[in-house]
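Data file: run-v9.txt. Format and content: compact mmCIF, C-alpha atoms and all ligand atoms.
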```txt
# COMPACT_ATOMS: atom_id res chain seq x y z
CA MET A 13 24.56 -6.16 6.60
CA ARG A 14 21.38 -6.89 8.50
CA ALA A 15 18.00 -7.67 7.00
CA THR A 16 14.56 -8.94 7.99
CA LEU A 17 13.58 -12.51 7.12
CA MET A 18 10.29 -14.29 7.58
CA TYR A 19 10.58 -18.02 8.27
CA SER A 20 6.96 -18.88 8.90
CA ALA A 21 3.83 -17.47 10.54
CA GLY A 22 4.79 -15.43 13.58
CA ASP A 23 8.52 -16.02 13.00
CA VAL A 24 10.30 -12.88 11.79
CA ARG A 25 14.02 -12.46 12.47
CA VAL A 26 16.61 -9.78 11.82
CA GLU A 27 19.80 -11.50 10.73
CA SER A 28 23.18 -10.92 9.11
CA VAL A 29 23.03 -11.53 5.36
CA PRO A 30 25.54 -11.02 2.51
CA ASP A 31 25.87 -7.34 1.58
CA SER A 32 23.65 -6.25 -1.30
CA VAL A 33 25.79 -5.34 -4.32
CA ILE A 34 25.26 -4.08 -7.87
CA ARG A 35 24.79 -7.04 -10.23
CA GLN A 36 23.34 -5.54 -13.40
CA PRO A 37 24.29 -2.30 -15.18
CA THR A 38 20.71 -1.08 -14.55
CA ASP A 39 20.88 -1.64 -10.76
CA ALA A 40 21.28 0.93 -8.00
CA LEU A 41 22.45 0.17 -4.48
CA VAL A 42 20.37 2.07 -1.92
CA ARG A 43 21.27 2.55 1.76
CA VAL A 44 17.86 2.46 3.50
CA THR A 45 17.06 5.44 5.76
CA ALA A 46 13.34 4.79 6.29
CA SER A 47 11.20 1.69 5.76
CA CYS A 48 8.09 0.18 7.26
CA VAL A 49 5.91 -2.85 7.80
CA CYS A 50 2.91 -3.20 5.47
CA GLY A 51 -0.52 -4.59 6.21
CA SER A 52 0.14 -7.07 3.40
CA ASP A 53 3.23 -8.32 5.29
CA LEU A 54 0.78 -9.47 7.94
CA HIS A 55 -0.81 -11.98 5.54
CA PRO A 56 2.25 -14.30 5.45
CA TYR A 57 2.88 -13.39 9.11
CA GLY A 58 -0.46 -15.05 9.82
CA SER A 59 -0.29 -17.95 7.37
CA MET A 60 3.21 -18.80 6.05
CA LYS A 61 4.16 -22.43 6.65
CA PRO A 62 7.76 -23.65 6.93
CA GLU A 63 7.15 -25.91 3.92
CA ASP A 64 6.17 -22.87 1.81
CA GLY A 65 9.87 -22.44 1.03
CA PRO A 66 13.01 -20.78 2.34
CA ALA A 67 12.91 -17.73 4.59
CA ARG A 68 11.75 -14.63 2.71
CA ARG A 69 13.43 -11.24 2.78
CA MET A 70 10.80 -8.71 3.80
CA GLY A 71 9.95 -5.08 3.11
CA HIS A 72 8.73 -3.37 -0.04
CA GLU A 73 8.28 0.24 1.09
CA PHE A 74 11.45 2.28 1.59
CA ILE A 75 13.35 5.51 1.20
CA GLY A 76 17.14 5.62 1.04
CA ILE A 77 20.31 7.20 -0.27
CA VAL A 78 21.81 5.97 -3.53
CA GLU A 79 25.24 4.59 -2.71
CA ASP A 80 26.27 3.20 -6.07
CA THR A 81 24.81 2.79 -9.56
CA GLY A 82 25.36 0.45 -12.48
CA SER A 83 26.91 1.83 -15.67
CA GLU A 84 23.57 2.26 -17.47
CA VAL A 85 21.71 4.16 -14.74
CA THR A 86 21.08 7.79 -15.72
CA THR A 87 18.21 9.22 -13.64
CA VAL A 88 19.63 8.82 -10.13
CA LYS A 89 23.17 9.21 -8.84
CA ARG A 90 25.26 8.61 -5.75
CA GLY A 91 23.97 10.74 -2.86
CA ASP A 92 20.38 11.13 -4.14
CA LEU A 93 17.56 10.48 -1.69
CA VAL A 94 15.03 8.22 -3.42
CA VAL A 95 11.73 6.47 -2.79
CA ALA A 96 10.98 3.02 -4.23
CA PRO A 97 7.47 1.86 -5.12
CA PHE A 98 6.55 -1.69 -4.15
CA ALA A 99 6.91 -2.95 -7.72
CA ILE A 100 10.09 -2.93 -9.81
CA SER A 101 9.44 -1.65 -13.33
CA ASP A 102 11.35 -0.33 -16.34
CA GLY A 103 9.11 2.70 -16.98
CA THR A 104 9.38 2.22 -20.74
CA CYS A 105 7.38 -0.82 -21.85
CA GLU A 106 3.86 -0.64 -23.23
CA PHE A 107 2.24 -1.28 -19.83
CA CYS A 108 4.41 1.23 -17.96
CA ARG A 109 3.63 3.89 -20.57
CA GLU A 110 -0.06 3.22 -19.93
CA GLY A 111 0.50 3.70 -16.20
CA LEU A 112 0.17 0.01 -15.28
CA HIS A 113 3.68 -0.49 -13.90
CA THR A 114 2.59 -3.55 -11.91
CA SER A 115 2.19 -5.38 -15.24
CA CYS A 116 5.62 -4.27 -16.56
CA ALA A 117 6.75 -6.62 -19.32
CA HIS A 118 10.49 -6.39 -18.55
CA PRO A 119 11.99 -9.74 -17.47
CA GLN A 120 13.46 -8.12 -14.35
CA ALA A 121 10.15 -6.49 -13.35
CA ASN A 122 8.98 -7.95 -10.08
CA PHE A 123 7.55 -7.28 -6.65
CA TRP A 124 10.07 -6.96 -3.86
CA ASP A 125 8.51 -9.91 -2.13
CA GLY A 126 9.17 -11.95 -5.25
CA GLU A 127 12.89 -11.15 -5.16
CA PRO A 128 14.35 -13.81 -2.91
CA ASP A 129 17.45 -11.86 -1.93
CA GLU A 130 16.32 -8.26 -1.41
CA GLY A 131 13.91 -6.36 0.80
CA GLY A 132 13.39 -2.91 2.23
CA GLN A 133 13.38 -3.88 5.92
CA ALA A 134 17.16 -3.98 5.80
CA GLU A 135 20.23 -1.77 5.90
CA ALA A 136 20.57 -1.74 2.12
CA VAL A 137 18.82 -2.91 -1.04
CA ARG A 138 19.87 -3.67 -4.60
CA VAL A 139 17.24 -1.97 -6.78
CA PRO A 140 16.86 -3.52 -10.25
CA LEU A 141 15.77 -1.27 -13.14
CA ALA A 142 16.71 1.78 -11.08
CA ASP A 143 15.83 4.32 -13.79
CA GLY A 144 12.27 3.09 -14.03
CA THR A 145 11.73 2.25 -10.39
CA LEU A 146 13.29 4.98 -8.24
CA VAL A 147 12.07 8.54 -7.82
CA LYS A 148 14.35 11.25 -6.45
CA LEU A 149 13.03 13.16 -3.42
CA PRO A 150 13.78 16.90 -3.10
CA VAL A 151 14.25 16.80 0.69
CA ALA A 152 16.94 15.81 3.21
CA PRO A 153 16.96 12.29 4.72
CA ASP A 154 15.97 13.72 8.12
CA SER A 155 13.13 15.90 6.77
CA ALA A 156 9.92 15.94 8.82
CA LEU A 157 8.15 15.00 5.56
CA ILE A 158 9.78 11.55 5.36
CA PRO A 159 6.85 9.61 6.87
CA SER A 160 4.43 11.17 4.36
CA LEU A 161 6.83 10.66 1.45
CA LEU A 162 7.28 7.04 2.50
CA THR A 163 3.54 6.46 2.01
CA LEU A 164 4.14 7.09 -1.72
CA SER A 165 5.92 3.72 -1.86
CA ASP A 166 2.64 1.89 -1.31
CA VAL A 167 -0.20 2.80 1.04
CA PHE A 168 -1.08 6.28 -0.26
CA GLY A 169 -0.69 5.27 -3.91
CA THR A 170 -2.73 2.15 -3.21
CA GLY A 171 -5.55 4.10 -1.58
CA TYR A 172 -5.45 6.55 -4.48
CA HIS A 173 -5.52 3.72 -7.02
CA ALA A 174 -8.61 2.28 -5.32
CA ALA A 175 -10.36 5.63 -5.59
CA LEU A 176 -9.33 6.19 -9.23
CA MET A 177 -10.35 2.69 -10.32
CA GLY A 178 -13.66 3.18 -8.52
CA GLY A 179 -14.27 6.36 -10.52
CA VAL A 180 -14.61 8.58 -7.44
CA SER A 181 -15.66 12.12 -8.36
CA ALA A 182 -17.58 15.04 -6.89
CA ARG A 183 -20.83 13.30 -7.78
CA THR A 184 -20.11 10.07 -5.93
CA ARG A 185 -20.82 8.70 -2.51
CA VAL A 186 -18.12 6.36 -1.29
CA THR A 187 -17.84 3.60 1.30
CA VAL A 188 -14.34 2.68 2.46
CA ILE A 189 -14.06 -0.76 4.07
CA GLY A 190 -11.10 -1.13 6.42
CA ASP A 191 -9.45 1.24 8.87
CA GLY A 192 -5.87 0.14 8.18
CA ALA A 193 -3.38 2.51 6.56
CA VAL A 194 -4.65 1.80 3.04
CA GLY A 195 -8.29 2.31 4.03
CA LEU A 196 -7.51 5.60 5.76
CA LEU A 197 -5.53 6.83 2.77
CA ALA A 198 -8.34 5.70 0.48
CA VAL A 199 -10.48 8.13 2.50
CA LEU A 200 -7.90 10.90 1.96
CA SER A 201 -7.81 10.04 -1.76
CA ALA A 202 -11.60 10.06 -2.09
CA ARG A 203 -11.67 13.50 -0.51
CA ARG A 204 -8.90 14.64 -2.87
CA LEU A 205 -11.12 13.56 -5.78
CA GLY A 206 -14.04 15.51 -4.31
CA ALA A 207 -16.38 12.74 -3.11
CA GLU A 208 -19.64 14.09 -1.75
CA GLN A 209 -19.96 11.55 1.08
CA ILE A 210 -17.28 9.23 2.47
CA ILE A 211 -18.44 6.51 4.86
CA LEU A 212 -15.60 4.75 6.66
CA MET A 213 -16.33 1.26 8.00
CA GLY A 214 -13.97 0.47 10.86
CA ARG A 215 -14.08 -0.45 14.50
CA HIS A 216 -10.97 1.14 15.99
CA ARG A 217 -11.76 4.54 17.37
CA GLU A 218 -8.25 6.04 17.08
CA ARG A 219 -8.09 4.95 13.47
CA THR A 220 -11.54 6.12 12.50
CA ASP A 221 -10.81 9.47 14.20
CA LEU A 222 -7.82 9.81 11.86
CA GLY A 223 -10.19 8.80 9.06
CA ARG A 224 -12.45 11.73 9.95
CA GLU A 225 -9.42 14.01 9.90
CA PHE A 226 -8.60 12.66 6.42
CA GLY A 227 -12.13 13.43 5.22
CA ALA A 228 -14.59 10.72 6.27
CA THR A 229 -18.06 12.25 6.66
CA ASP A 230 -19.49 9.23 8.51
CA VAL A 231 -18.08 6.29 10.44
CA VAL A 232 -19.80 2.91 10.75
CA ALA A 233 -18.33 0.66 13.43
CA ALA A 234 -20.84 -2.18 12.98
CA ARG A 235 -19.97 -5.13 10.75
CA GLY A 236 -21.90 -7.72 8.80
CA GLU A 237 -25.62 -7.24 8.22
CA GLU A 238 -25.83 -4.53 10.87
CA GLY A 239 -23.02 -2.55 9.23
CA ILE A 240 -24.65 -2.91 5.80
CA GLU A 241 -27.96 -1.72 7.23
CA ARG A 242 -26.28 1.32 8.79
CA VAL A 243 -24.61 2.33 5.49
CA ARG A 244 -27.95 1.98 3.72
CA GLU A 245 -29.59 4.24 6.30
CA LEU A 246 -26.92 6.86 5.66
CA THR A 247 -27.53 6.76 1.91
CA GLY A 248 -31.30 6.91 1.61
CA GLY A 249 -31.46 3.12 1.40
CA HIS A 250 -29.46 2.89 -1.83
CA GLY A 251 -25.86 2.22 -0.83
CA THR A 252 -22.91 4.09 -2.33
CA HIS A 253 -21.77 4.49 -5.94
CA VAL A 254 -18.27 3.35 -5.06
CA VAL A 255 -16.93 0.90 -2.48
CA LEU A 256 -13.21 0.90 -1.76
CA GLU A 257 -12.34 -2.48 -0.24
CA ALA A 258 -8.98 -2.24 1.55
CA VAL A 259 -8.91 -5.46 3.56
CA GLY A 260 -8.79 -8.52 1.31
CA HIS A 261 -10.68 -10.98 3.51
CA MET A 262 -13.98 -12.53 2.48
CA PRO A 263 -16.19 -10.72 5.05
CA ALA A 264 -14.95 -7.36 3.69
CA TYR A 265 -15.84 -8.43 0.17
CA GLU A 266 -19.30 -9.56 1.29
CA GLN A 267 -19.71 -6.22 3.05
CA ALA A 268 -18.81 -4.48 -0.24
CA ILE A 269 -21.54 -6.41 -2.08
CA GLY A 270 -23.97 -5.39 0.64
CA VAL A 271 -23.34 -1.63 0.46
CA VAL A 272 -22.72 -1.00 -3.24
CA ARG A 273 -25.49 0.80 -5.09
CA PRO A 274 -26.96 -0.61 -8.34
CA GLY A 275 -24.73 0.58 -11.18
CA GLY A 276 -21.87 1.02 -8.73
CA VAL A 277 -18.27 -0.12 -8.58
CA ILE A 278 -16.43 -2.24 -6.03
CA SER A 279 -12.75 -1.33 -6.19
CA ARG A 280 -10.51 -3.81 -4.39
CA VAL A 281 -6.96 -3.10 -3.26
CA GLY A 282 -6.77 -5.43 -0.26
CA VAL A 283 -4.82 -8.48 -1.47
CA PRO A 284 -7.56 -11.16 -1.73
CA GLN A 285 -7.08 -13.93 0.81
CA TYR A 286 -9.69 -16.04 -0.95
CA GLU A 287 -9.13 -18.14 -4.06
CA GLN A 288 -12.63 -19.03 -5.20
CA ALA A 289 -14.89 -16.41 -6.74
CA PRO A 290 -16.44 -15.24 -3.47
CA VAL A 291 -19.90 -14.66 -4.88
CA ASP A 292 -21.80 -16.07 -7.75
CA PHE A 293 -21.29 -13.54 -10.52
CA GLY A 294 -25.03 -13.44 -11.05
CA THR A 295 -25.15 -11.33 -7.89
CA LEU A 296 -23.23 -8.64 -9.73
CA PHE A 297 -25.07 -8.99 -13.04
CA GLY A 298 -28.58 -8.06 -11.94
CA PRO A 299 -27.71 -4.68 -10.40
CA ASN A 300 -25.03 -3.81 -13.01
CA ILE A 301 -22.23 -3.82 -10.45
CA ARG A 302 -18.64 -3.66 -11.70
CA LEU A 303 -15.54 -5.08 -10.02
CA ALA A 304 -12.33 -3.06 -10.33
CA GLY A 305 -8.96 -2.75 -8.66
CA GLY A 306 -5.84 -4.81 -8.21
CA PRO A 307 -2.24 -4.20 -7.17
CA ALA A 308 -1.70 -0.45 -7.45
CA PRO A 309 0.84 0.83 -9.98
CA VAL A 310 1.98 3.33 -7.36
CA ARG A 311 4.95 4.38 -9.52
CA ALA A 312 2.40 6.06 -11.80
CA TYR A 313 1.15 8.32 -8.99
CA ILE A 314 4.31 9.42 -7.17
CA GLU A 315 4.94 12.63 -9.13
CA GLU A 316 1.24 13.50 -9.02
CA LEU A 317 0.80 13.07 -5.27
CA MET A 318 4.17 14.40 -4.08
CA PRO A 319 3.56 18.19 -4.47
CA ASP A 320 0.65 18.18 -1.98
CA ILE A 321 2.94 16.49 0.55
CA LEU A 322 5.83 18.88 -0.08
CA ASP A 323 3.65 21.97 0.38
CA GLY A 324 1.93 20.55 3.47
CA THR A 325 -1.59 20.36 1.99
CA ILE A 326 -1.86 16.74 3.11
CA ASP A 327 -0.08 14.66 5.72
CA PRO A 328 -0.60 10.97 4.88
CA GLY A 329 2.35 10.10 7.15
CA LYS A 330 -0.04 10.37 10.10
CA VAL A 331 -0.76 6.68 9.54
CA PHE A 332 2.58 5.93 11.25
CA ASP A 333 1.99 5.67 14.98
CA ALA A 334 5.26 4.02 16.03
CA THR A 335 8.94 4.07 15.05
CA THR A 336 11.61 1.44 15.62
CA GLY A 337 15.14 0.43 14.63
CA LEU A 338 15.87 -2.85 12.83
CA ASP A 339 16.09 -4.73 16.13
CA GLY A 340 12.48 -3.82 16.84
CA VAL A 341 11.10 -5.17 13.57
CA PRO A 342 9.91 -8.56 14.91
CA ALA A 343 8.02 -6.74 17.69
CA ALA A 344 6.62 -4.30 15.11
CA TYR A 345 5.05 -7.22 13.22
CA GLN A 346 3.49 -8.53 16.40
CA ASP A 347 2.23 -5.07 17.41
CA MET A 348 0.59 -4.59 14.03
CA ALA A 349 -0.86 -8.11 14.03
CA ASP A 350 -2.32 -7.44 17.51
CA ARG A 351 -3.53 -4.02 16.30
CA ARG A 352 -1.54 -2.20 18.97
CA SER A 353 0.14 -0.29 16.14
CA LEU A 354 -1.47 0.96 12.94
CA LYS A 355 1.77 1.15 10.94
CA VAL A 356 5.36 1.06 12.16
CA LEU A 357 8.14 3.18 10.65
CA ILE A 358 11.58 1.55 10.62
CA LYS A 359 14.83 3.51 10.80
CA PRO A 360 17.58 0.98 10.05
ZN ZN B 401 2.93 -2.45 1.27
ZN ZN B 402 7.51 -1.66 -17.98
```
Please express what this file holds, its structure, as C-alpha cells.
Ligand SMILES: [Zn+2]
Ligand SMILES: [Zn+2]
Amino acid sequence: MRATLMYSAGDVRVESVPDSVIRQPTDALVRVTASCVCGSDLHPYGSMKPEDGPARRMGHEFIGIVEDTGSEVTTVKRGDLVVAPFAISDGTCEFCREGLHTSCAHPQANFWDGEPDEGGQAEAVRVPLADGTLVKLPVAPDSALIPSLLTLSDVFGTGYHAALMGGVSARTRVTVIGDGAVGLLAVLSARRLGAEQIILMGRHRERTDLGREFGATDVVAARGEEGIERVRELTGGHGTHVVLEAVGHMPAYEQAIGVVRPGGVISRVGVPQYEQAPVDFGTLFGPNIRLAGGPAPVRAYIEELMPDILDGTIDPGKVFDATTGLDGVPAAYQDMADRRSLKVLIKP
C-alpha cells in the first residue's frame, strides 16, 4: 500500500510501505476514504532535521471504512464508515471517563504521529484500541457531509476545546488569534457557545471572510503592538475575557498577553513552538490572568458536535479549499506552507 512519509523539513514523499494489518485483538483495519493535512504537520515540515530520526508516517485526521477487526472489537464492524480522532484512547480509563482522552492511561494510547508505522495520509491504517478510538458515521463514504465530518477528527474539536477551556459563554468577549483552520473553527465554536463579541486576528482576507461567516463580529488584520491596540479600541480599552490562541508561535502568545482582559483566560491550542516559559509568570499574576488549553481530547466532543453537522446547522468543512489524491500530498504540504491553501482534503 502507499503512505505518506516525512524525511525532513520540506521533504515529504508518498511511497510503497508494507500493508497495515491487524496485530492486536483490539485493533481495526481501516481503508482510508478521506484524510487531510493539518496545520500541525507544517511544524515538522518547517523544522524536522534528518538526524531527528527515521522518516515519519504522517496524517492523524481521517475517515475510512472498517475492513477487518480484531477478535475483541465490539463497537465497529466490517463495512462501517468511521472517523478517528487524532489521539488513540481506550475510552474506559479514569482520564477518558473524565473526557481527557489525550491523557489516556492505556499503554497503547498514543498520538498517530507517535506511532512509527501508521498514519492517516495513506491507503489504510491499523487503528489500535478501536472500540475507544473510532466513532461510526451515519452517512455514506461519498456524502457531501464528509469534509465537515472530517473536521471532527481534529480541527473542529480543537477549536471547540479552546473555547470550552477558555470558558466562553454568552457573557464573554473573545479574541481568536490565528486564521488557520483551528482559529476559524474556534470562531465557530465561540459563536456556538454564545459569545457576545468575537474578534478574529488574521491577515488573510479570504480566511477572515470565512471567519465572519463562522461568526466573527470584528476582524483585526494588524499584528504586534498595532494589533493589540486595535483590539483594545474594540473593547473599550479593556481587552477580551477570553483569548483563543490557535497558532503556537511566540508572537501569537505575546499577542494573547496583550489583548487579554484582567481576570481573563488565555486558552492555547496551537502546539507551542517555544520551550521556555515565554513570559515571566509575574505578568500573569498581577492581572489575575489564567492559562488554559492543551491538546484537545476531540474524542470527547465528536458525539456532541456531530448532530449540528448532520442536520446542516453548521458547515465546518468549509475550511477545506483544495482536494487531492495521494500523489498530490507533497504539493499539498507546500501549498499549505506557502499559504496558497488553507487546508487540503486527501482522497487516497
Ligand atoms: Zn491535526
Ligand atoms: Zn483511556
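For the pair atom CA of A:Met70 and atom CA of A:Lys89, the interatomic distance is 25.2 Å.
Picture a line from atom CA of A:Asp53 to atom CA of A:Ala344; it runs 11.1 Å.
In this model, the gap between atom CA of A:Arg273 and atom CA of A:His216 comes to 25.6 Å.
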Next item on the list: Please write out the residues within 8 Å of ligand ZN 401 (chain B) as a list in words, counting all atoms listed in the file.
Entry: Val49, Cys50, Gly51, Ser52, Asp53, Gly71, His72, Glu73, Phe98, Ser165, Asp166 and Val167 of chain A
Notebook entry, point to check: Any idea what's packed within 12 Å of A:Arg90, counting only C-alpha atoms, ignoring anything in its chain fewer than 3 positions away? Could you give it as a ChimeraX atom specification?
Noted result: /A:40-43,76-82,85-87,93-94,148
Next item on the list: Give the residue list for ligand ZN 402 (chain B) at 6 Å, counting only C-alpha atoms and all ligand atoms, as a PyMOL selection string, sorted by chain and then by residue number.
Entry: chain A and resi 101-105+107-108+113+116-118
Please return stretch 15-48 of chain A, rebuilt to N, CA and C atoms, as a PDB file, keeping the file's coordinate frame.
```
ATOM      1  N   ALA A  15      19.255  -7.696   7.767  1.00  0.00           N
ATOM      2  CA  ALA A  15      18.000  -7.670   7.000  1.00  0.00           C
ATOM      3  C   ALA A  15      16.947  -8.490   7.725  1.00  0.00           C
ATOM      4  N   THR A  16      15.693  -8.236   7.373  1.00  0.00           N
ATOM      5  CA  THR A  16      14.560  -8.940   7.990  1.00  0.00           C
ATOM      6  C   THR A  16      14.179 -10.154   7.146  1.00  0.00           C
ATOM      7  N   LEU A  17      14.024 -11.290   7.797  1.00  0.00           N
ATOM      8  CA  LEU A  17      13.580 -12.510   7.120  1.00  0.00           C
ATOM      9  C   LEU A  17      12.361 -13.078   7.831  1.00  0.00           C
ATOM     10  N   MET A  18      11.437 -13.591   7.011  1.00  0.00           N
ATOM     11  CA  MET A  18      10.290 -14.290   7.580  1.00  0.00           C
ATOM     12  C   MET A  18      10.458 -15.781   7.323  1.00  0.00           C
ATOM     13  N   TYR A  19      10.416 -16.567   8.383  1.00  0.00           N
ATOM     14  CA  TYR A  19      10.580 -18.020   8.270  1.00  0.00           C
ATOM     15  C   TYR A  19       9.246 -18.735   8.154  1.00  0.00           C
ATOM     16  N   SER A  20       8.299 -18.274   8.940  1.00  0.00           N
ATOM     17  CA  SER A  20       6.960 -18.880   8.900  1.00  0.00           C
ATOM     18  C   SER A  20       6.050 -17.951   9.706  1.00  0.00           C
ATOM     19  N   ALA A  21       4.787 -18.319   9.812  1.00  0.00           N
ATOM     20  CA  ALA A  21       3.830 -17.470  10.540  1.00  0.00           C
ATOM     21  C   ALA A  21       4.369 -17.132  11.924  1.00  0.00           C
ATOM     22  N   GLY A  22       4.381 -15.857  12.242  1.00  0.00           N
ATOM     23  CA  GLY A  22       4.790 -15.430  13.580  1.00  0.00           C
ATOM     24  C   GLY A  22       6.290 -15.456  13.814  1.00  0.00           C
ATOM     25  N   ASP A  23       7.064 -15.871  12.809  1.00  0.00           N
ATOM     26  CA  ASP A  23       8.520 -16.020  13.000  1.00  0.00           C
ATOM     27  C   ASP A  23       9.287 -15.094  12.059  1.00  0.00           C
ATOM     28  N   VAL A  24       9.535 -13.880  12.549  1.00  0.00           N
ATOM     29  CA  VAL A  24      10.300 -12.880  11.790  1.00  0.00           C
ATOM     30  C   VAL A  24      11.595 -12.633  12.543  1.00  0.00           C
ATOM     31  N   ARG A  25      12.716 -12.656  11.809  1.00  0.00           N
ATOM     32  CA  ARG A  25      14.020 -12.460  12.470  1.00  0.00           C
ATOM     33  C   ARG A  25      14.836 -11.427  11.702  1.00  0.00           C
ATOM     34  N   VAL A  26      15.656 -10.696  12.442  1.00  0.00           N
ATOM     35  CA  VAL A  26      16.610  -9.780  11.820  1.00  0.00           C
ATOM     36  C   VAL A  26      17.976 -10.445  11.917  1.00  0.00           C
ATOM     37  N   GLU A  27      18.583 -10.709  10.749  1.00  0.00           N
ATOM     38  CA  GLU A  27      19.800 -11.500  10.730  1.00  0.00           C
ATOM     39  C   GLU A  27      20.866 -10.869   9.841  1.00  0.00           C
ATOM     40  N   SER A  28      22.093 -11.344  10.004  1.00  0.00           N
ATOM     41  CA  SER A  28      23.180 -10.920   9.110  1.00  0.00           C
ATOM     42  C   SER A  28      23.041 -11.676   7.790  1.00  0.00           C
ATOM     43  N   VAL A  29      23.137 -10.934   6.700  1.00  0.00           N
ATOM     44  CA  VAL A  29      23.030 -11.530   5.360  1.00  0.00           C
ATOM     45  C   VAL A  29      24.179 -10.963   4.520  1.00  0.00           C
ATOM     46  N   PRO A  30      24.492 -11.591   3.375  1.00  0.00           N
ATOM     47  CA  PRO A  30      25.540 -11.020   2.510  1.00  0.00           C
ATOM     48  C   PRO A  30      25.162  -9.605   2.082  1.00  0.00           C
ATOM     49  N   ASP A  31      26.142  -8.719   2.008  1.00  0.00           N
ATOM     50  CA  ASP A  31      25.870  -7.340   1.580  1.00  0.00           C
ATOM     51  C   ASP A  31      25.226  -7.323   0.195  1.00  0.00           C
ATOM     52  N   SER A  32      24.222  -6.461   0.037  1.00  0.00           N
ATOM     53  CA  SER A  32      23.650  -6.250  -1.300  1.00  0.00           C
ATOM     54  C   SER A  32      24.693  -5.540  -2.162  1.00  0.00           C
ATOM     55  N   VAL A  33      24.825  -5.962  -3.406  1.00  0.00           N
ATOM     56  CA  VAL A  33      25.790  -5.340  -4.320  1.00  0.00           C
ATOM     57  C   VAL A  33      25.150  -5.163  -5.698  1.00  0.00           C
ATOM     58  N   ILE A  34      25.704  -4.283  -6.491  1.00  0.00           N
ATOM     59  CA  ILE A  34      25.260  -4.080  -7.870  1.00  0.00           C
ATOM     60  C   ILE A  34      25.555  -5.356  -8.666  1.00  0.00           C
ATOM     61  N   ARG A  35      24.561  -5.840  -9.411  1.00  0.00           N
ATOM     62  CA  ARG A  35      24.790  -7.040 -10.230  1.00  0.00           C
ATOM     63  C   ARG A  35      24.573  -6.766 -11.711  1.00  0.00           C
ATOM     64  N   GLN A  36      23.661  -5.846 -12.000  1.00  0.00           N
ATOM     65  CA  GLN A  36      23.340  -5.540 -13.400  1.00  0.00           C
ATOM     66  C   GLN A  36      23.673  -4.072 -13.653  1.00  0.00           C
ATOM     67  N   PRO A  37      23.975  -3.712 -14.895  1.00  0.00           N
ATOM     68  CA  PRO A  37      24.290  -2.300 -15.180  1.00  0.00           C
ATOM     69  C   PRO A  37      23.118  -1.357 -14.931  1.00  0.00           C
ATOM     70  N   THR A  38      21.897  -1.920 -14.802  1.00  0.00           N
ATOM     71  CA  THR A  38      20.710  -1.080 -14.550  1.00  0.00           C
ATOM     72  C   THR A  38      20.340  -1.026 -13.072  1.00  0.00           C
ATOM     73  N   ASP A  39      21.167  -1.621 -12.204  1.00  0.00           N
ATOM     74  CA  ASP A  39      20.880  -1.640 -10.760  1.00  0.00           C
ATOM     75  C   ASP A  39      21.348  -0.353 -10.073  1.00  0.00           C
ATOM     76  N   ALA A  40      20.726  -0.048  -8.935  1.00  0.00           N
ATOM     77  CA  ALA A  40      21.280   0.930  -8.000  1.00  0.00           C
ATOM     78  C   ALA A  40      21.364   0.246  -6.642  1.00  0.00           C
ATOM     79  N   LEU A  41      22.361   0.649  -5.856  1.00  0.00           N
ATOM     80  CA  LEU A  41      22.450   0.170  -4.480  1.00  0.00           C
ATOM     81  C   LEU A  41      21.995   1.305  -3.576  1.00  0.00           C
ATOM     82  N   VAL A  42      20.979   1.028  -2.749  1.00  0.00           N
ATOM     83  CA  VAL A  42      20.370   2.070  -1.920  1.00  0.00           C
ATOM     84  C   VAL A  42      20.578   1.737  -0.441  1.00  0.00           C
ATOM     85  N   ARG A  43      21.118   2.683   0.303  1.00  0.00           N
ATOM     86  CA  ARG A  43      21.270   2.550   1.760  1.00  0.00           C
ATOM     87  C   ARG A  43      19.940   3.014   2.369  1.00  0.00           C
ATOM     88  N   VAL A  44      19.218   2.142   3.048  1.00  0.00           N
ATOM     89  CA  VAL A  44      17.860   2.460   3.500  1.00  0.00           C
ATOM     90  C   VAL A  44      17.895   3.395   4.718  1.00  0.00           C
ATOM     91  N   THR A  45      17.158   4.505   4.624  1.00  0.00           N
ATOM     92  CA  THR A  45      17.060   5.440   5.760  1.00  0.00           C
ATOM     93  C   THR A  45      15.686   5.378   6.434  1.00  0.00           C
ATOM     94  N   ALA A  46      14.675   4.929   5.708  1.00  0.00           N
ATOM     95  CA  ALA A  46      13.340   4.790   6.290  1.00  0.00           C
ATOM     96  C   ALA A  46      12.608   3.666   5.563  1.00  0.00           C
ATOM     97  N   SER A  47      11.943   2.818   6.347  1.00  0.00           N
ATOM     98  CA  SER A  47      11.200   1.690   5.760  1.00  0.00           C
ATOM     99  C   SER A  47       9.993   1.460   6.667  1.00  0.00           C
ATOM    100  N   CYS A  48       9.235   0.430   6.382  1.00  0.00           N
ATOM    101  CA  CYS A  48       8.090   0.180   7.260  1.00  0.00           C
ATOM    102  C   CYS A  48       7.533  -1.218   7.038  1.00  0.00           C
TER     103      CYS A  48
END
```
